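S.K.: Okay, so here is input-v9.txt, and as you'll see once you scroll down, it has compact mmCIF, C-alpha atoms.
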```
# COMPACT_ATOMS: atom_id res chain seq x y z
CA MET C 403 3.37 31.12 -12.97
CA ILE C 404 3.39 27.39 -13.61
CA PRO C 405 1.03 26.38 -16.44
CA LEU C 406 -1.76 24.05 -15.44
CA LEU C 407 -0.77 21.71 -18.25
CA TYR C 408 2.58 20.96 -16.56
CA ILE C 409 0.85 20.09 -13.29
CA TYR C 410 -1.52 17.75 -15.10
CA ALA C 411 1.43 16.17 -16.92
CA LEU C 412 3.28 15.50 -13.65
CA SER C 413 0.11 14.09 -12.13
CA ILE C 414 -0.44 11.80 -15.14
CA ALA C 415 3.16 10.56 -15.03
CA LEU C 416 2.97 9.82 -11.28
CA PHE C 417 -0.38 8.10 -11.72
CA ALA C 418 0.98 5.95 -14.55
CA ILE C 419 4.06 4.97 -12.52
CA GLY C 420 1.84 3.96 -9.60
CA LEU C 421 -0.54 2.02 -11.83
CA ALA C 422 2.32 0.23 -13.58
CA GLY C 423 3.75 -0.63 -10.17
CA ILE C 424 0.41 -2.12 -9.06
CA ALA C 425 0.23 -4.15 -12.26
CA THR C 426 3.78 -5.51 -12.37
CA GLU C 427 5.01 -5.64 -8.76
CA ARG C 428 4.50 -8.81 -6.70
CA HIS C 429 5.72 -7.61 -3.27
CA LEU C 430 2.64 -6.80 -1.17
CA VAL C 431 4.12 -3.82 0.66
CA VAL C 432 5.50 -2.24 -2.52
CA ILE C 433 2.07 -2.64 -4.15
CA MET C 434 0.60 -0.68 -1.24
CA LEU C 435 3.34 1.96 -1.65
CA SER C 436 2.38 2.34 -5.31
CA VAL C 437 -1.24 2.84 -4.26
CA GLU C 438 0.06 5.72 -2.10
CA LEU C 439 1.76 7.09 -5.20
CA VAL C 440 -1.57 7.05 -7.02
CA PHE C 441 -3.11 8.99 -4.11
CA VAL C 442 -0.33 11.60 -4.36
CA ALA C 443 -0.96 11.93 -8.10
CA SER C 444 -4.68 12.44 -7.54
CA THR C 445 -3.97 15.03 -4.82
CA ILE C 446 -1.72 16.95 -7.21
CA ALA C 447 -4.38 16.92 -9.94
CA LEU C 448 -7.08 18.02 -7.47
CA VAL C 449 -5.07 20.87 -5.96
CA GLY C 450 -3.84 22.02 -9.37
CA HIS C 451 -7.33 21.99 -10.81
CA PHE C 452 -8.89 23.96 -7.97
CA SER C 453 -5.97 26.40 -7.72
CA TYR C 454 -6.30 27.56 -11.31
CA GLY C 455 -9.52 28.53 -12.91
CA ALA C 456 -12.11 26.76 -10.84
CA ALA C 457 -13.68 28.91 -8.15
CA ALA C 458 -13.08 28.13 -4.47
CA ASN C 459 -15.26 25.16 -3.83
CA PRO C 460 -16.09 23.50 -0.49
CA GLN C 461 -16.39 20.16 -2.27
CA ALA C 462 -12.68 20.32 -3.11
CA VAL C 463 -11.80 20.49 0.57
CA LEU C 464 -14.01 17.48 1.26
CA MET C 465 -12.36 15.54 -1.55
CA LEU C 466 -8.89 16.48 -0.31
CA PHE C 467 -9.60 15.34 3.24
CA SER C 468 -11.22 12.16 1.95
CA ILE C 469 -8.06 11.35 -0.02
CA PHE C 470 -5.93 12.03 3.07
CA ALA C 471 -8.17 9.78 5.18
CA VAL C 472 -8.10 6.89 2.71
CA ALA C 473 -4.31 7.24 2.43
CA ALA C 474 -4.01 7.09 6.22
CA VAL C 475 -6.23 4.02 6.40
CA GLU C 476 -4.13 2.39 3.73
CA ILE C 477 -0.88 3.07 5.63
CA ILE C 478 -2.35 1.49 8.77
CA THR C 479 -3.45 -1.53 6.72
CA VAL C 480 0.04 -1.87 5.21
CA ILE C 481 1.69 -1.91 8.59
CA THR C 482 -0.84 -4.36 10.02
CA PHE C 483 -0.33 -6.72 7.08
CA TYR C 484 3.44 -6.29 7.24
CA VAL C 485 3.74 -7.11 10.95
CA TYR C 486 1.32 -10.02 10.71
CA MET C 487 2.96 -11.58 7.65
CA ARG C 488 6.48 -10.99 8.87
CA HIS C 489 5.78 -12.52 12.25
CA ASN C 490 4.01 -15.55 10.79
CA ARG C 491 6.71 -15.93 8.12
CA ILE C 492 4.25 -15.60 5.26
CA GLU C 493 5.82 -14.74 1.93
CA PHE C 494 5.25 -11.23 0.63
CA ASP C 495 4.88 -12.49 -2.94
CA VAL C 496 1.20 -11.93 -3.72
CA THR C 497 1.15 -14.75 -6.27
CA LYS C 498 1.99 -17.23 -3.52
CA LEU C 499 -0.49 -15.99 -0.93
CA SER C 500 -2.89 -18.72 -0.03
CA ARG C 501 -3.55 -18.31 3.68
CA LEU C 502 -4.58 -14.86 4.73
CA LYS C 503 -7.70 -15.74 6.63
CA TRP C 504 -8.74 -15.24 10.23
CA MET R 125 10.46 31.92 -15.58
CA LEU R 126 12.12 31.03 -12.28
CA ASP R 127 8.92 29.21 -11.34
CA ILE R 128 9.24 26.93 -14.35
CA TYR R 129 12.82 25.97 -13.42
CA ALA R 130 11.80 25.30 -9.82
CA PHE R 131 8.88 23.22 -11.06
CA ALA R 132 11.19 21.23 -13.34
CA ILE R 133 13.54 20.45 -10.44
CA VAL R 134 10.68 19.46 -8.12
CA ALA R 135 9.01 17.33 -10.81
CA ALA R 136 12.30 15.58 -11.56
CA ILE R 137 12.84 14.82 -7.84
CA THR R 138 9.28 13.50 -7.51
CA LEU R 139 9.37 11.32 -10.62
CA ILE R 140 12.86 9.90 -9.99
CA SER R 141 12.00 9.04 -6.38
CA ALA R 142 8.73 7.45 -7.57
CA ILE R 143 10.65 5.19 -9.95
CA PHE R 144 13.24 4.41 -7.24
CA ILE R 145 10.48 2.82 -5.13
CA PHE R 146 10.54 -0.08 -7.57
CA VAL R 147 14.29 -0.07 -8.28
CA GLU R 148 15.55 -0.22 -4.68
CA LYS R 149 16.38 -3.64 -3.28
CA LYS R 150 15.70 -2.88 0.39
CA LEU R 151 12.19 -2.14 1.55
CA VAL R 152 13.30 0.69 3.83
CA HIS R 153 14.97 2.42 0.88
CA ALA R 154 11.72 2.11 -1.09
CA VAL R 155 9.85 3.77 1.79
CA ILE R 156 12.44 6.57 1.93
CA ALA R 157 11.96 7.07 -1.83
CA LEU R 158 8.20 7.30 -1.26
CA SER R 159 8.71 9.92 1.43
CA LEU R 160 10.87 11.88 -1.02
CA ALA R 161 7.96 11.73 -3.49
CA PHE R 162 5.67 13.08 -0.74
CA LEU R 163 8.19 15.86 -0.10
CA GLY R 164 8.30 16.69 -3.81
CA SER R 165 4.52 16.98 -3.96
CA ALA R 166 4.56 19.25 -0.89
CA LEU R 167 7.13 21.48 -2.61
CA LEU R 168 4.92 21.51 -5.70
CA PHE R 169 1.92 22.71 -3.67
CA PHE R 170 4.13 25.43 -2.23
CA LEU R 171 5.12 26.48 -5.76
CA ILE R 172 1.47 26.58 -6.87
CA GLY R 173 0.69 28.91 -3.99
CA GLN R 174 -1.28 26.50 -1.82
CA THR R 175 0.81 26.92 1.30
CA LEU R 176 -1.75 25.35 3.63
CA VAL R 177 -2.03 22.20 1.57
CA ALA R 178 1.78 22.03 1.38
CA LEU R 179 1.96 22.27 5.17
CA LEU R 180 -0.71 19.57 5.53
CA GLN R 181 1.19 17.34 3.14
CA LEU R 182 4.42 17.93 5.05
CA VAL R 183 2.93 17.31 8.48
CA VAL R 184 0.61 14.42 7.64
CA PHE R 185 2.47 12.53 4.93
CA VAL R 186 6.17 13.31 5.38
CA GLY R 187 6.11 13.77 9.14
CA GLY R 188 3.52 11.19 10.06
CA PHE R 189 3.05 8.40 7.55
CA SER R 190 6.63 8.21 6.30
CA THR R 191 8.10 8.08 9.79
CA TYR R 192 5.55 5.45 10.76
CA LEU R 193 6.38 3.34 7.70
CA ILE R 194 10.15 3.72 8.05
CA VAL R 195 10.03 2.64 11.69
CA ALA R 196 7.82 -0.34 10.78
CA VAL R 197 10.02 -1.70 8.00
CA ALA R 198 13.39 -0.63 9.41
CA THR R 199 14.27 -4.14 10.56
CA GLU R 200 13.55 -5.72 7.18
CA GLU R 201 16.47 -7.59 5.67
CA LYS R 202 17.35 -7.31 2.01
CA THR R 203 14.24 -8.40 0.16
CA ALA R 204 14.07 -10.42 -3.04
CA LYS R 205 13.21 -8.39 -6.10
CA LEU R 206 9.71 -9.32 -7.15
CA ILE R 207 9.36 -7.04 -10.14
CA ASN R 208 10.30 -7.20 -13.79
CA LEU R 209 11.74 -3.71 -14.24
CA ARG R 210 11.56 -3.80 -18.03
CA ASN R 211 7.86 -4.66 -17.98
CA PHE R 212 7.29 -1.96 -15.35
CA LEU R 213 9.01 0.78 -17.36
CA VAL R 214 7.30 -0.18 -20.62
CA LEU R 215 3.88 -0.29 -18.95
CA ALA R 216 4.50 3.04 -17.15
CA PHE R 217 5.44 4.67 -20.46
CA ILE R 218 2.43 3.28 -22.29
CA LEU R 219 0.07 4.29 -19.47
CA SER R 220 1.58 7.80 -19.29
CA VAL R 221 1.19 8.42 -23.00
CA GLY R 222 -2.28 6.85 -23.16
CA SER R 223 -3.69 8.68 -20.16
CA ALA R 224 -2.05 11.94 -21.27
CA VAL R 225 -3.77 11.72 -24.65
CA LEU R 226 -7.08 10.87 -22.97
CA MET R 227 -6.83 13.57 -20.32
CA LEU R 228 -5.55 16.36 -22.54
CA SER R 229 -8.48 15.93 -24.88
CA TYR R 230 -10.76 16.75 -21.93
CA LEU R 231 -8.56 19.50 -20.48
CA PRO R 232 -10.75 22.20 -18.92
CA THR R 233 -10.33 25.76 -20.01
CA ALA R 234 -8.48 27.24 -17.08
CA ASN R 235 -7.60 30.83 -16.42
CA ALA R 236 -3.91 30.58 -15.60
CA ASN R 237 -3.78 34.00 -13.98
CA HIS R 238 -6.32 33.18 -11.33
CA SER R 239 -5.07 31.40 -8.25
CA THR R 240 -7.32 30.76 -5.29
CA ASN R 241 -6.41 29.39 -1.92
CA PHE R 242 -9.15 26.82 -1.91
CA LEU R 243 -8.64 25.80 1.70
CA LEU R 244 -10.22 29.16 2.55
CA SER R 245 -13.55 27.47 1.90
CA ALA R 246 -12.80 24.85 4.55
CA SER R 247 -15.00 26.50 7.16
CA SER R 248 -18.01 26.59 4.85
CA ALA R 249 -17.33 22.97 3.89
CA PHE R 250 -17.29 22.04 7.56
CA GLN R 251 -20.54 23.88 8.22
CA SER R 252 -22.33 22.43 5.21
CA SER R 253 -21.28 18.81 5.62
CA TYR R 254 -19.66 18.32 9.00
CA ALA R 255 -21.01 14.77 9.20
CA LEU R 256 -18.52 13.65 6.56
CA PHE R 257 -15.62 14.91 8.67
CA TYR R 258 -16.94 12.91 11.61
CA VAL R 259 -17.26 9.85 9.36
CA ILE R 260 -13.63 10.30 8.26
CA ALA R 261 -12.47 10.64 11.87
CA LEU R 262 -14.50 7.58 12.91
CA LEU R 263 -13.08 5.59 10.00
CA LEU R 264 -9.52 6.46 10.96
CA PHE R 265 -10.14 5.70 14.62
CA SER R 266 -11.77 2.33 13.94
CA VAL R 267 -9.07 1.26 11.49
CA SER R 268 -6.32 2.22 13.95
CA ILE R 269 -7.95 0.30 16.78
CA SER R 270 -8.63 -2.75 14.63
CA GLY R 271 -5.05 -2.67 13.32
CA VAL R 272 -3.71 -2.68 16.86
CA LEU R 273 -6.12 -5.51 17.80
CA ILE R 274 -5.13 -7.64 14.81
CA ILE R 275 -1.43 -7.18 15.51
CA ARG R 276 -2.00 -7.98 19.16
CA LYS R 277 -4.05 -11.09 18.37
CA PHE R 278 -1.73 -12.59 15.82
CA ALA R 279 1.72 -11.25 16.40
CA ARG R 280 1.57 -10.57 20.14
CA LEU R 281 3.95 -7.66 19.65
CA VAL R 282 1.73 -5.06 21.29
CA VAL R 283 1.15 -5.66 24.97
```
Go ahead and express the file in the form of structure tokens.
M.R.:
Amino acid sequence: MIPLLYIYALSIALFAIGLAGIATERHLVVIMLSVELVFVASTIALVGHFSYGAAANPQAVLMLFSIFAVAAVEIITVITFYVYMRHNRIEFDVTKLSRLKW
Amino acid sequence: MLDIYAFAIVAAITLISAIFIFVEKKLVHAVIALSLAFLGSALLFFLIGQTLVALLQLVVFVGGFSTYLIVAVATEEKTAKLINLRNFLVLAFILSVGSAVLMLSYLPTANANHSTNFLLSASSAFQSSYALFYVIALLLFSVSISGVLIIRKFARLVV
């Protein structure tokens, strides 16, 4: 049986990698990919927490599906941004973004 | 004991592929690394004993999102590196240690011998708050449609 501590440790490490990526990366799409990484880390923490110890809880299912939904919305947003910026030859460097309006 | 070794292998795959997202030069390789991280998390759920969540992760994330992303960025040329890897690694280390110290001080007392398949409570969750599921579905639907409309308006790629 895997100790809960190990699962938390993996989740913390993934979360930190994603957060560091958001803070230091300048490519818009890669920033979005690191947000996905943060979602994966939170999913691991949630599933680990409710698998061990905590009783079966309907709220956990709601939280899990909410995370999945937000991740899906984020993927759709990434692809929309990517196609729009690529087609209009806008740079992906977020520090140089100045025209992203309607 | 075999579980621990399997967990170590899966954790190593997940963490290395997560770091490779930022190391890779091509965007499509970064997306493939992300899908490997998704696969690693699905394997982890399988190891924990949450087979249904592992299947969901495989079908939704690895099968759906990753394929969608890979197809979208497949034509991307070699992209310029826009990250300072040294800063990234230092910040990731500091954040890992800091959040580990913070989180471990609030670690709940868990009974390691008790494992529940918490998706079994999905039906009661649906009965008690089915409106939230409809909100989630509506959110996904509206974002998909607006994404298609934005791409069609600006890029004229979708006919």
S.K.: Calculated over only C-alpha atoms, which of the candidates C:Leu439, C:Ala447, C:Leu499, C:Val431 has the smallest distance to Thr482 (chain C)?
M.R.: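 Between C:Leu439, C:Ala447, C:Leu499, C:Val431, the residue approaching Thr482 (chain C) most closely is C:Val431.
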S.K.: CA of Thr191 (chain R) and CA of Leu273 (chain R) are how many Å apart?
M.R.: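 Between CA of Thr191 (chain R) and CA of Leu273 (chain R) the gap is 21.2 Å.
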S.K.: Pick out the residues sitting within 10 Å of Phe169 (chain R), and hand them over as a ChimeraX atom specification; count all atoms listed in the file, and ignore anything fewer than 4 positions along from it in its own chain.
M.R.: /C:445-446,449-450,453 /R:163-165,173-179,181
S.K.: Ranking R:Ile194, R:Ile140, R:Ile218, R:Leu206 by minimum distance to chain C and counting only C-alpha atoms, which one comes first?
M.R.: R:Leu206
S.K.: Which residue, C:Thr426, C:Met434, C:Ser413, C:Glu476, has the smallest gap to chain R when you use only C-alpha atoms?
M.R.: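 Of C:Thr426, C:Met434, C:Ser413, C:Glu476, the one nearest chain R, counting only C-alpha atoms, is C:Thr426.
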S.K.: Considering only C-alpha atoms, can you say which of C:Tyr410, C:Phe494, C:Phe483, C:Phe417 comes closest to His451 (chain C)?
M.R.: C:Tyr410
S.K.: Rounded to one decimal in Å, what is the spacing between CA of Leu213 (chain R) and CA of Asp495 (chain C)?
M.R.: 20.0 Å
S.K.: Which of these, R:Leu182, R:Leu151, R:Ile207, R:Met227, has the shortest distance to chain C once you count all atoms listed in the file?
M.R.: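 Result for the nearest residue to chain C: R:Ile207.
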S.K.: Which of these, C:Phe470, C:Tyr454, C:Phe441, C:Tyr408, has the shortest distance to chain R once you count only C-alpha atoms?
M.R.: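 Of all the options, C:Tyr454 lies closest to chain R.
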S.K.: Step by step, gather every atom of region 251-269 of chain R that the file lists, find the box along x, y and z that holds them, add 3 Å on each side, and finally give centre and edge lengths in Å to one decimal, as AutoDock Vina command-line options.
M.R.:
```
--center_x -14.3 --center_y 12.1 --center_z 11.0 --size_x 22.0 --size_y 29.6 --size_z 17.6
```
S.K.: What separation in Å, quoted to one decimal, exists between CA of Leu209 (chain R) and CA of Phe146 (chain R)?
M.R.: 7.7 Å
S.K.: Could you pull the residues within 12 Å of Ser436 (chain C), counting all atoms listed in the file, minus those fewer than 6 positions along the same chain, as a ChimeraX atom specification?
M.R.: /C:416-430,442-443,473,476-477,480 /R:141-146,154-155,157-159,161,212
S.K.: What's around Ala474 (chain C) at 9 Å? Count only C-alpha atoms, leave out sequence neighbours fewer than 4 positions away in its own chain, and write the answer as a PDB file with C-alpha atoms, keeping the file's coordinate frame.
M.R.:
```pdb
ATOM      1  CA  ILE C 469      -8.060  11.350  -0.020  1.00  0.00           C
ATOM      2  CA  PHE C 470      -5.930  12.030   3.070  1.00  0.00           C
ATOM      3  CA  ILE C 478      -2.350   1.490   8.770  1.00  0.00           C
ATOM      4  CA  THR C 479      -3.450  -1.530   6.720  1.00  0.00           C
TER       5      THR C 479
ATOM      6  CA  VAL R 184       0.610  14.420   7.640  1.00  0.00           C
ATOM      7  CA  PHE R 185       2.470  12.530   4.930  1.00  0.00           C
ATOM      8  CA  PHE R 189       3.050   8.400   7.550  1.00  0.00           C
ATOM      9  CA  LEU R 264      -9.520   6.460  10.960  1.00  0.00           C
TER      10      LEU R 264
END
```
